[in-house]
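Have a look at coords_32.cif; it's mmCIF, C-alpha atoms:
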```cif
data_model
#
loop_
_atom_site.label_atom_id
_atom_site.label_comp_id
_atom_site.auth_asym_id
_atom_site.auth_seq_id
_atom_site.Cartn_x
_atom_site.Cartn_y
_atom_site.Cartn_z
CA LEU A 17 0.00 0.00 0.00
CA HIS A 18 2.84 2.38 0.85
CA VAL A 19 4.59 1.74 -2.47
CA GLY A 20 1.54 2.77 -4.49
CA ARG A 21 0.82 5.76 -2.24
CA ALA A 22 4.38 7.02 -2.61
CA ALA A 23 3.86 7.15 -6.40
CA LEU A 24 1.21 9.83 -5.87
CA LEU A 25 3.34 11.96 -3.56
CA LEU A 26 6.87 11.95 -4.99
CA ASP A 27 8.40 12.97 -8.29
CA MET A 28 9.87 10.15 -10.41
CA LYS A 29 13.53 10.54 -9.42
CA ASN A 30 12.79 10.59 -5.68
CA LEU A 31 10.23 7.82 -6.15
CA PHE A 32 12.75 5.38 -7.65
CA VAL A 33 15.34 6.27 -5.02
CA HIS A 34 12.68 5.69 -2.34
CA TRP A 35 11.59 2.33 -3.82
CA THR A 36 15.18 1.17 -4.28
CA LEU A 37 16.17 2.06 -0.72
CA LEU A 38 13.00 0.55 0.74
CA GLY A 39 13.30 -2.67 -1.29
CA THR A 40 16.99 -3.05 -0.54
CA PHE A 41 16.43 -2.39 3.17
CA PHE A 42 13.71 -5.05 3.48
CA SER A 43 15.63 -7.59 1.39
CA VAL A 44 18.84 -7.16 3.38
CA LEU A 45 16.97 -7.15 6.71
CA GLY A 46 15.12 -10.34 5.78
CA PHE A 47 18.30 -12.04 4.63
CA TRP A 48 20.16 -10.88 7.76
CA MET A 49 17.40 -12.23 10.02
CA THR A 50 18.00 -15.76 8.69
CA THR A 51 20.90 -16.03 11.11
CA TRP A 52 18.39 -16.11 14.02
CA ILE A 53 15.05 -17.01 12.45
CA ALA A 54 14.78 -19.78 9.89
CA PHE A 55 13.80 -18.80 6.36
CA ASN A 56 10.52 -20.73 6.19
CA LYS A 57 7.83 -20.21 3.56
CA ARG A 58 5.27 -22.53 5.15
CA LEU A 59 5.20 -20.73 8.47
CA TRP A 60 5.67 -17.28 6.95
CA SER A 61 8.65 -16.50 9.13
CA PRO A 62 9.56 -12.82 9.57
CA SER A 63 12.77 -13.35 7.60
CA TYR A 64 10.83 -14.79 4.66
CA SER A 65 8.18 -12.05 4.80
CA LEU A 66 10.71 -9.20 4.90
CA PHE A 67 12.90 -10.68 2.14
CA THR A 68 9.97 -11.26 -0.24
CA THR A 69 8.57 -7.80 0.56
CA GLY A 70 11.89 -6.24 -0.41
CA THR A 71 12.28 -8.24 -3.61
CA GLY A 72 8.65 -7.48 -4.49
CA ILE A 73 9.23 -3.74 -4.11
CA LEU A 74 12.37 -3.93 -6.27
CA MET A 75 10.53 -5.94 -8.95
CA TYR A 76 7.61 -3.49 -8.89
CA ALA A 77 10.01 -0.57 -9.34
CA LEU A 78 11.77 -2.32 -12.24
CA LEU A 79 8.53 -3.20 -14.04
CA PHE A 80 7.12 0.29 -13.42
CA LEU A 81 10.27 1.79 -14.95
CA LEU A 82 10.18 -0.55 -17.95
CA CYS A 83 6.44 -0.51 -18.68
CA ASP A 84 4.63 2.50 -17.22
CA HIS A 85 6.98 5.36 -16.39
CA ASN A 86 6.25 8.52 -18.44
CA LEU A 87 3.79 6.69 -20.68
CA PRO A 88 1.83 9.29 -22.68
CA VAL A 89 0.19 6.93 -25.16
CA SER A 90 2.46 4.11 -26.24
CA ARG A 91 5.95 5.26 -25.28
CA SER A 92 7.77 4.35 -22.10
CA ALA A 93 10.89 5.68 -20.41
CA LEU A 94 12.68 2.68 -21.84
CA SER A 95 11.94 3.66 -25.43
CA ALA A 96 12.78 7.32 -24.77
CA SER A 97 16.09 6.47 -23.08
CA PHE A 98 17.41 3.68 -25.30
CA GLY A 99 16.08 4.46 -28.79
CA LYS A 100 15.43 1.49 -31.07
CA VAL A 101 16.41 -1.12 -28.49
CA GLY A 102 14.14 0.56 -25.94
CA ARG A 103 11.23 0.64 -28.40
CA PHE A 104 11.77 -3.05 -29.14
CA LEU A 105 11.82 -3.94 -25.43
CA SER A 106 8.83 -1.66 -24.81
CA ASN A 107 6.86 -3.57 -27.45
CA ILE A 108 7.91 -6.91 -25.96
CA LEU A 109 6.74 -5.81 -22.49
CA ARG A 110 3.43 -4.41 -23.74
CA PRO A 111 1.47 -7.63 -22.92
CA PHE A 112 2.31 -7.02 -19.25
CA GLN A 113 0.57 -3.65 -19.61
CA TRP A 114 -2.49 -5.31 -21.08
CA LEU A 115 -2.65 -7.92 -18.32
CA GLY A 116 -2.15 -5.22 -15.69
CA SER A 117 -4.90 -3.06 -17.16
CA ASN A 118 -7.34 -5.96 -16.89
CA CYS A 119 -5.86 -7.70 -13.86
CA ILE A 120 -9.12 -8.55 -12.06
CA LEU A 121 -10.60 -10.09 -15.21
CA PHE A 122 -7.36 -12.02 -15.79
CA PHE A 123 -7.25 -13.27 -12.20
CA VAL A 124 -10.87 -14.36 -11.96
CA PHE A 125 -11.19 -16.04 -15.34
CA SER A 126 -7.69 -17.55 -15.65
CA GLU A 127 -6.53 -20.69 -13.88
CA CYS A 128 -6.00 -18.73 -10.65
CA CYS A 129 -9.71 -18.83 -9.83
CA GLY A 130 -10.68 -21.09 -12.71
CA VAL A 131 -14.11 -19.59 -13.46
CA LEU A 132 -13.82 -19.96 -17.24
CA SER A 133 -12.28 -23.43 -16.94
CA TRP A 134 -15.09 -24.49 -14.58
CA PHE A 135 -17.71 -23.13 -16.97
CA LEU A 136 -16.17 -24.92 -19.96
CA GLN A 137 -16.03 -28.16 -17.97
CA THR A 138 -19.77 -28.00 -17.28
CA ILE A 139 -20.46 -28.34 -21.00
CA THR A 140 -20.07 -32.08 -21.61
CA TRP A 141 -20.94 -34.65 -24.25
CA GLY A 142 -21.22 -38.42 -24.22
CA ALA A 143 -21.64 -40.41 -21.02
CA GLN A 144 -22.98 -38.70 -17.89
CA ASN A 145 -19.87 -38.82 -15.63
CA ALA A 146 -17.14 -39.07 -18.27
CA LYS A 147 -14.41 -36.46 -18.66
CA GLN A 148 -15.68 -35.41 -22.07
CA ASN A 149 -15.53 -31.64 -22.11
CA LEU A 150 -13.54 -29.02 -23.98
CA VAL A 151 -10.84 -28.56 -21.30
CA SER A 152 -10.25 -32.29 -20.84
CA TRP A 153 -10.25 -32.87 -24.60
CA PHE A 154 -7.64 -30.15 -25.16
CA HIS A 155 -5.47 -31.24 -22.23
CA ASP A 156 -5.74 -35.03 -22.48
CA LYS A 157 -6.46 -35.81 -26.10
CA PHE A 158 -4.92 -32.95 -28.06
CA LEU A 159 -1.79 -32.03 -26.04
CA TRP A 160 -1.12 -35.46 -24.51
CA HIS A 161 -1.76 -37.72 -27.49
CA SER A 162 -2.11 -35.71 -30.73
CA CYS A 163 0.87 -33.44 -30.09
CA GLY A 164 2.80 -36.24 -28.41
CA LEU A 165 3.76 -34.23 -25.34
CA GLY A 166 2.87 -37.11 -23.01
CA LYS A 167 5.33 -39.61 -24.50
CA SER A 168 7.91 -39.11 -21.77
CA CYS A 169 5.34 -39.46 -18.96
CA THR A 170 4.43 -42.82 -17.48
CA SER A 171 0.90 -42.18 -16.19
CA GLN A 172 -1.97 -39.69 -16.43
CA SER A 173 -0.60 -37.85 -13.40
CA PRO A 174 0.53 -34.27 -14.07
CA CYS A 175 3.05 -34.38 -16.89
CA GLY A 176 5.57 -31.52 -17.12
CA PRO A 177 5.55 -30.83 -20.88
CA VAL A 178 1.76 -31.06 -21.11
CA GLU A 179 1.25 -28.74 -18.13
CA VAL A 180 3.74 -26.17 -19.42
CA VAL A 181 2.14 -26.01 -22.88
CA PHE A 182 -1.39 -25.96 -21.39
CA THR A 183 -0.42 -23.03 -19.15
CA ALA A 184 1.37 -21.19 -22.00
CA VAL A 185 -1.66 -21.54 -24.29
CA GLY A 186 -3.92 -20.23 -21.52
CA LEU A 187 -1.60 -17.28 -20.92
CA LEU A 188 -1.47 -16.45 -24.64
CA PHE A 189 -5.27 -16.62 -24.79
CA TRP A 190 -5.59 -14.14 -21.91
CA ILE A 191 -2.93 -11.85 -23.38
CA LEU A 192 -4.99 -11.67 -26.58
CA VAL A 193 -8.26 -11.07 -24.69
CA CYS A 194 -6.71 -8.37 -22.48
CA GLY A 195 -4.98 -6.82 -25.53
CA LEU A 196 -8.30 -6.55 -27.33
CA LEU A 197 -9.92 -5.00 -24.27
CA HIS A 198 -7.01 -2.59 -23.88
CA ARG A 199 -7.54 -1.28 -27.42
CA LYS A 200 -11.23 -0.55 -26.81
#
```
Structure encoded using structure tokens:
Amino acid sequence: LHVGRAALLLDMKNLFVHWTLLGTFFSVLGFWMTTWIAFNKRLWSPSYSLFTTGTGILMYALLFLLCDHNLPVSRSALSASFGKVGRFLSNILRPFQWLGSNCILFFVFSECCGVLSWFLQTITWGAQNAKQNLVSWFHDKFLWHSCGLGKSCTSQSPCGPVEVVFTAVGLLFWILVCGLLHRK
């Protein structure tokens, strides 16, 4: 909350100095605390919480600089500072802008909450309790068998190549949807 509030109160130079100092302070403090308190994700130890807070602030500052800083219409600080290379990188990072502009839609309908996946799984064909729906067909039949991504896996348990491609296709779908909504 403080990181976003600081963006409203400070000019850009002081803002990045503030974010860098704050992120570095929390990261170093969290790392330093590991000498006394174990770095434990499951229990959310103070050392883990402070370290991830610091790295999160630093990542937010970096992405804000690359994607959103001084963005009149379609230009970022990156493209203004680094010319052709900056414009190229700005275009590559543009899907992050689209996803960020429609983040609630992306979160609710993507695999995070699974609303769209759940809805598509309710539309079935064939036998009453069979896994014959669009999501299962794409995952099990198309990716696993037709594309041959399940060859290296021994059972129907989660298979690495199938899961990676399934997730990448879902992400590309939502990038396209959010990009279309961003243009409107």
The PyMOL selection byres ((chain A and resi 150) around 12) applied to the shown file, residues as an NGL selection string: :A and (132-141 or 147-149 or 151-158)
Print the selection's residues with C-alpha atoms to a file, as a PDB file, in the coordinates of the input.
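Output file again07.pdb follows:
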```pdb
ATOM      1  CA  LEU A 132     -13.820 -19.960 -17.240  1.00  0.00           C
ATOM      2  CA  SER A 133     -12.280 -23.430 -16.940  1.00  0.00           C
ATOM      3  CA  TRP A 134     -15.090 -24.490 -14.580  1.00  0.00           C
ATOM      4  CA  PHE A 135     -17.710 -23.130 -16.970  1.00  0.00           C
ATOM      5  CA  LEU A 136     -16.170 -24.920 -19.960  1.00  0.00           C
ATOM      6  CA  GLN A 137     -16.030 -28.160 -17.970  1.00  0.00           C
ATOM      7  CA  THR A 138     -19.770 -28.000 -17.280  1.00  0.00           C
ATOM      8  CA  ILE A 139     -20.460 -28.340 -21.000  1.00  0.00           C
ATOM      9  CA  THR A 140     -20.070 -32.080 -21.610  1.00  0.00           C
ATOM     10  CA  TRP A 141     -20.940 -34.650 -24.250  1.00  0.00           C
ATOM     11  CA  LYS A 147     -14.410 -36.460 -18.660  1.00  0.00           C
ATOM     12  CA  GLN A 148     -15.680 -35.410 -22.070  1.00  0.00           C
ATOM     13  CA  ASN A 149     -15.530 -31.640 -22.110  1.00  0.00           C
ATOM     14  CA  VAL A 151     -10.840 -28.560 -21.300  1.00  0.00           C
ATOM     15  CA  SER A 152     -10.250 -32.290 -20.840  1.00  0.00           C
ATOM     16  CA  TRP A 153     -10.250 -32.870 -24.600  1.00  0.00           C
ATOM     17  CA  PHE A 154      -7.640 -30.150 -25.160  1.00  0.00           C
ATOM     18  CA  HIS A 155      -5.470 -31.240 -22.230  1.00  0.00           C
ATOM     19  CA  ASP A 156      -5.740 -35.030 -22.480  1.00  0.00           C
ATOM     20  CA  LYS A 157      -6.460 -35.810 -26.100  1.00  0.00           C
ATOM     21  CA  PHE A 158      -4.920 -32.950 -28.060  1.00  0.00           C
TER      22      PHE A 158
END
```
Residue neighbourhood Thr68 (chain A), 10 Å, only C-alpha atoms, exclusion window fewer than 3 positions, as a list in words: Gly39, Phe42, Ser43, Gly46, Phe47, Lys57, Pro62, Ser63, Tyr64, Ser65, Thr71, Gly72, Ile73 and Leu74 of chain A
Cys175 (chain A) environment, 10 Å, all atoms listed in the file, sequence neighbours closer than 5 positions dropped, as number ranges by chain: A: 160, 165-170, 180
Target residues per the PyMOL selection byres ((chain A and resi 20-25) around 12), formatted as a list of chain:residue names: A:Leu17, A:His18, A:Val19, A:Leu26, A:Asp27, A:Met28, A:Lys29, A:Asn30, A:Leu31, A:Phe32, A:Val33, A:His34, A:Trp35, A:Leu38, A:Ile73, A:Tyr76, A:Ala77, A:Phe80, A:Leu81, A:Asp84, A:His85
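For the atom pair formed by CA of Thr69 (chain A) and CA of Ala54 (chain A), the distance is 16.4 Å, given to one decimal.
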With N, CA and C atoms as the atom set, please write region 126-172 of chain A from the structure just given, as a PDB file, in the first residue's frame.
```pdb
ATOM      1  N   SER A 126      -8.816 -16.656 -15.318  1.00  0.00           N
ATOM      2  CA  SER A 126      -7.695 -17.550 -15.652  1.00  0.00           C
ATOM      3  C   SER A 126      -7.683 -18.726 -14.678  1.00  0.00           C
ATOM      4  N   GLU A 127      -6.626 -19.504 -14.730  1.00  0.00           N
ATOM      5  CA  GLU A 127      -6.527 -20.690 -13.881  1.00  0.00           C
ATOM      6  C   GLU A 127      -6.353 -20.353 -12.403  1.00  0.00           C
ATOM      7  N   CYS A 128      -6.125 -19.092 -12.066  1.00  0.00           N
ATOM      8  CA  CYS A 128      -6.000 -18.734 -10.653  1.00  0.00           C
ATOM      9  C   CYS A 128      -7.301 -19.016  -9.904  1.00  0.00           C
ATOM     10  N   CYS A 129      -8.403 -18.535 -10.423  1.00  0.00           N
ATOM     11  CA  CYS A 129      -9.713 -18.831  -9.828  1.00  0.00           C
ATOM     12  C   CYS A 129     -10.435 -19.913 -10.619  1.00  0.00           C
ATOM     13  N   GLY A 130     -10.150 -20.011 -11.895  1.00  0.00           N
ATOM     14  CA  GLY A 130     -10.684 -21.091 -12.705  1.00  0.00           C
ATOM     15  C   GLY A 130     -12.133 -20.964 -13.098  1.00  0.00           C
ATOM     16  N   VAL A 131     -12.695 -19.757 -13.129  1.00  0.00           N
ATOM     17  CA  VAL A 131     -14.111 -19.590 -13.456  1.00  0.00           C
ATOM     18  C   VAL A 131     -14.392 -20.029 -14.889  1.00  0.00           C
ATOM     19  N   LEU A 132     -13.583 -19.581 -15.839  1.00  0.00           N
ATOM     20  CA  LEU A 132     -13.817 -19.962 -17.237  1.00  0.00           C
ATOM     21  C   LEU A 132     -13.590 -21.459 -17.446  1.00  0.00           C
ATOM     22  N   SER A 133     -12.552 -22.002 -16.834  1.00  0.00           N
ATOM     23  CA  SER A 133     -12.280 -23.432 -16.938  1.00  0.00           C
ATOM     24  C   SER A 133     -13.434 -24.237 -16.348  1.00  0.00           C
ATOM     25  N   TRP A 134     -13.948 -23.810 -15.205  1.00  0.00           N
ATOM     26  CA  TRP A 134     -15.087 -24.487 -14.581  1.00  0.00           C
ATOM     27  C   TRP A 134     -16.301 -24.431 -15.501  1.00  0.00           C
ATOM     28  N   PHE A 135     -16.558 -23.262 -16.083  1.00  0.00           N
ATOM     29  CA  PHE A 135     -17.707 -23.127 -16.971  1.00  0.00           C
ATOM     30  C   PHE A 135     -17.567 -24.031 -18.195  1.00  0.00           C
ATOM     31  N   LEU A 136     -16.373 -24.072 -18.794  1.00  0.00           N
ATOM     32  CA  LEU A 136     -16.165 -24.921 -19.961  1.00  0.00           C
ATOM     33  C   LEU A 136     -16.246 -26.407 -19.612  1.00  0.00           C
ATOM     34  N   GLN A 137     -15.928 -26.769 -18.381  1.00  0.00           N
ATOM     35  CA  GLN A 137     -16.025 -28.160 -17.967  1.00  0.00           C
ATOM     36  C   GLN A 137     -17.459 -28.586 -17.686  1.00  0.00           C
ATOM     37  N   THR A 138     -18.368 -27.638 -17.494  1.00  0.00           N
ATOM     38  CA  THR A 138     -19.768 -28.001 -17.277  1.00  0.00           C
ATOM     39  C   THR A 138     -20.461 -28.384 -18.573  1.00  0.00           C
ATOM     40  N   ILE A 139     -19.904 -27.986 -19.697  1.00  0.00           N
ATOM     41  CA  ILE A 139     -20.464 -28.341 -21.001  1.00  0.00           C
ATOM     42  C   ILE A 139     -19.832 -29.663 -21.420  1.00  0.00           C
ATOM     43  N   THR A 140     -20.599 -30.748 -21.334  1.00  0.00           N
ATOM     44  CA  THR A 140     -20.065 -32.082 -21.613  1.00  0.00           C
ATOM     45  C   THR A 140     -20.833 -32.741 -22.744  1.00  0.00           C
ATOM     46  N   TRP A 141     -20.279 -33.823 -23.250  1.00  0.00           N
ATOM     47  CA  TRP A 141     -20.942 -34.653 -24.249  1.00  0.00           C
ATOM     48  C   TRP A 141     -20.660 -36.114 -23.920  1.00  0.00           C
ATOM     49  N   GLY A 142     -21.444 -36.989 -24.446  1.00  0.00           N
ATOM     50  CA  GLY A 142     -21.224 -38.418 -24.223  1.00  0.00           C
ATOM     51  C   GLY A 142     -21.827 -38.881 -22.918  1.00  0.00           C
ATOM     52  N   ALA A 143     -21.146 -39.814 -22.261  1.00  0.00           N
ATOM     53  CA  ALA A 143     -21.638 -40.409 -21.020  1.00  0.00           C
ATOM     54  C   ALA A 143     -21.764 -39.363 -19.918  1.00  0.00           C
ATOM     55  N   GLN A 144     -22.638 -39.659 -18.945  1.00  0.00           N
ATOM     56  CA  GLN A 144     -22.976 -38.704 -17.890  1.00  0.00           C
ATOM     57  C   GLN A 144     -21.771 -38.254 -17.062  1.00  0.00           C
ATOM     58  N   ASN A 145     -20.969 -39.176 -16.536  1.00  0.00           N
ATOM     59  CA  ASN A 145     -19.870 -38.824 -15.633  1.00  0.00           C
ATOM     60  C   ASN A 145     -18.486 -38.914 -16.282  1.00  0.00           C
ATOM     61  N   ALA A 146     -18.430 -38.970 -17.587  1.00  0.00           N
ATOM     62  CA  ALA A 146     -17.136 -39.070 -18.270  1.00  0.00           C
ATOM     63  C   ALA A 146     -16.474 -37.697 -18.357  1.00  0.00           C
ATOM     64  N   LYS A 147     -15.155 -37.714 -18.496  1.00  0.00           N
ATOM     65  CA  LYS A 147     -14.411 -36.458 -18.655  1.00  0.00           C
ATOM     66  C   LYS A 147     -14.403 -36.084 -20.136  1.00  0.00           C
ATOM     67  N   GLN A 148     -15.572 -35.791 -20.665  1.00  0.00           N
ATOM     68  CA  GLN A 148     -15.676 -35.406 -22.068  1.00  0.00           C
ATOM     69  C   GLN A 148     -16.164 -33.965 -22.144  1.00  0.00           C
ATOM     70  N   ASN A 149     -15.234 -33.057 -21.983  1.00  0.00           N
ATOM     71  CA  ASN A 149     -15.531 -31.641 -22.114  1.00  0.00           C
ATOM     72  C   ASN A 149     -14.376 -30.987 -22.855  1.00  0.00           C
ATOM     73  N   LEU A 150     -14.516 -29.722 -23.160  1.00  0.00           N
ATOM     74  CA  LEU A 150     -13.536 -29.023 -23.979  1.00  0.00           C
ATOM     75  C   LEU A 150     -12.161 -28.956 -23.314  1.00  0.00           C
ATOM     76  N   VAL A 151     -12.122 -28.680 -22.004  1.00  0.00           N
ATOM     77  CA  VAL A 151     -10.840 -28.562 -21.302  1.00  0.00           C
ATOM     78  C   VAL A 151     -10.129 -29.911 -21.257  1.00  0.00           C
ATOM     79  N   SER A 152     -10.861 -30.962 -20.896  1.00  0.00           N
ATOM     80  CA  SER A 152     -10.248 -32.295 -20.837  1.00  0.00           C
ATOM     81  C   SER A 152      -9.815 -32.769 -22.222  1.00  0.00           C
ATOM     82  N   TRP A 153     -10.624 -32.487 -23.239  1.00  0.00           N
ATOM     83  CA  TRP A 153     -10.250 -32.872 -24.597  1.00  0.00           C
ATOM     84  C   TRP A 153      -8.946 -32.203 -25.005  1.00  0.00           C
ATOM     85  N   PHE A 154      -8.845 -30.878 -24.770  1.00  0.00           N
ATOM     86  CA  PHE A 154      -7.638 -30.155 -25.160  1.00  0.00           C
ATOM     87  C   PHE A 154      -6.420 -30.648 -24.382  1.00  0.00           C
ATOM     88  N   HIS A 155      -6.586 -30.828 -23.080  1.00  0.00           N
ATOM     89  CA  HIS A 155      -5.475 -31.241 -22.227  1.00  0.00           C
ATOM     90  C   HIS A 155      -5.080 -32.692 -22.484  1.00  0.00           C
ATOM     91  N   ASP A 156      -6.052 -33.598 -22.419  1.00  0.00           N
ATOM     92  CA  ASP A 156      -5.739 -35.028 -22.477  1.00  0.00           C
ATOM     93  C   ASP A 156      -5.575 -35.560 -23.892  1.00  0.00           C
ATOM     94  N   LYS A 157      -6.493 -35.235 -24.749  1.00  0.00           N
ATOM     95  CA  LYS A 157      -6.459 -35.806 -26.104  1.00  0.00           C
ATOM     96  C   LYS A 157      -5.505 -35.049 -27.026  1.00  0.00           C
ATOM     97  N   PHE A 158      -5.690 -33.726 -27.091  1.00  0.00           N
ATOM     98  CA  PHE A 158      -4.917 -32.951 -28.062  1.00  0.00           C
ATOM     99  C   PHE A 158      -3.449 -32.821 -27.645  1.00  0.00           C
ATOM    100  N   LEU A 159      -3.182 -32.251 -26.454  1.00  0.00           N
ATOM    101  CA  LEU A 159      -1.790 -32.032 -26.042  1.00  0.00           C
ATOM    102  C   LEU A 159      -1.084 -33.339 -25.713  1.00  0.00           C
ATOM    103  N   TRP A 160      -1.755 -34.229 -24.983  1.00  0.00           N
ATOM    104  CA  TRP A 160      -1.118 -35.458 -24.515  1.00  0.00           C
ATOM    105  C   TRP A 160      -0.844 -36.424 -25.658  1.00  0.00           C
ATOM    106  N   HIS A 161      -1.893 -36.685 -26.466  1.00  0.00           N
ATOM    107  CA  HIS A 161      -1.759 -37.721 -27.490  1.00  0.00           C
ATOM    108  C   HIS A 161      -1.467 -37.153 -28.881  1.00  0.00           C
ATOM    109  N   SER A 162      -2.269 -36.205 -29.362  1.00  0.00           N
ATOM    110  CA  SER A 162      -2.109 -35.708 -30.733  1.00  0.00           C
ATOM    111  C   SER A 162      -0.782 -34.985 -30.936  1.00  0.00           C
ATOM    112  N   CYS A 163      -0.413 -34.154 -29.976  1.00  0.00           N
ATOM    113  CA  CYS A 163       0.867 -33.443 -30.088  1.00  0.00           C
ATOM    114  C   CYS A 163       2.036 -34.274 -29.579  1.00  0.00           C
ATOM    115  N   GLY A 164       1.750 -35.347 -28.892  1.00  0.00           N
ATOM    116  CA  GLY A 164       2.801 -36.240 -28.413  1.00  0.00           C
ATOM    117  C   GLY A 164       3.593 -35.714 -27.232  1.00  0.00           C
ATOM    118  N   LEU A 165       3.026 -34.796 -26.476  1.00  0.00           N
ATOM    119  CA  LEU A 165       3.762 -34.233 -25.342  1.00  0.00           C
ATOM    120  C   LEU A 165       3.799 -35.177 -24.149  1.00  0.00           C
ATOM    121  N   GLY A 166       2.912 -36.185 -24.127  1.00  0.00           N
ATOM    122  CA  GLY A 166       2.871 -37.106 -23.008  1.00  0.00           C
ATOM    123  C   GLY A 166       3.711 -38.348 -23.191  1.00  0.00           C
ATOM    124  N   LYS A 167       4.518 -38.406 -24.233  1.00  0.00           N
ATOM    125  CA  LYS A 167       5.331 -39.605 -24.503  1.00  0.00           C
ATOM    126  C   LYS A 167       6.312 -39.915 -23.374  1.00  0.00           C
ATOM    127  N   SER A 168       6.892 -38.885 -22.794  1.00  0.00           N
ATOM    128  CA  SER A 168       7.908 -39.105 -21.769  1.00  0.00           C
ATOM    129  C   SER A 168       7.312 -39.379 -20.392  1.00  0.00           C
ATOM    130  N   CYS A 169       5.989 -39.258 -20.256  1.00  0.00           N
ATOM    131  CA  CYS A 169       5.336 -39.463 -18.960  1.00  0.00           C
ATOM    132  C   CYS A 169       4.800 -40.880 -18.873  1.00  0.00           C
ATOM    133  N   THR A 170       4.813 -41.422 -17.662  1.00  0.00           N
ATOM    134  CA  THR A 170       4.426 -42.817 -17.482  1.00  0.00           C
ATOM    135  C   THR A 170       2.950 -43.002 -17.166  1.00  0.00           C
ATOM    136  N   SER A 171       2.305 -42.026 -16.547  1.00  0.00           N
ATOM    137  CA  SER A 171       0.896 -42.175 -16.192  1.00  0.00           C
ATOM    138  C   SER A 171       0.155 -40.880 -16.485  1.00  0.00           C
ATOM    139  N   GLN A 172      -1.146 -40.871 -16.199  1.00  0.00           N
ATOM    140  CA  GLN A 172      -1.970 -39.692 -16.432  1.00  0.00           C
ATOM    141  C   GLN A 172      -1.795 -38.643 -15.334  1.00  0.00           C
TER     142      GLN A 172
END
```
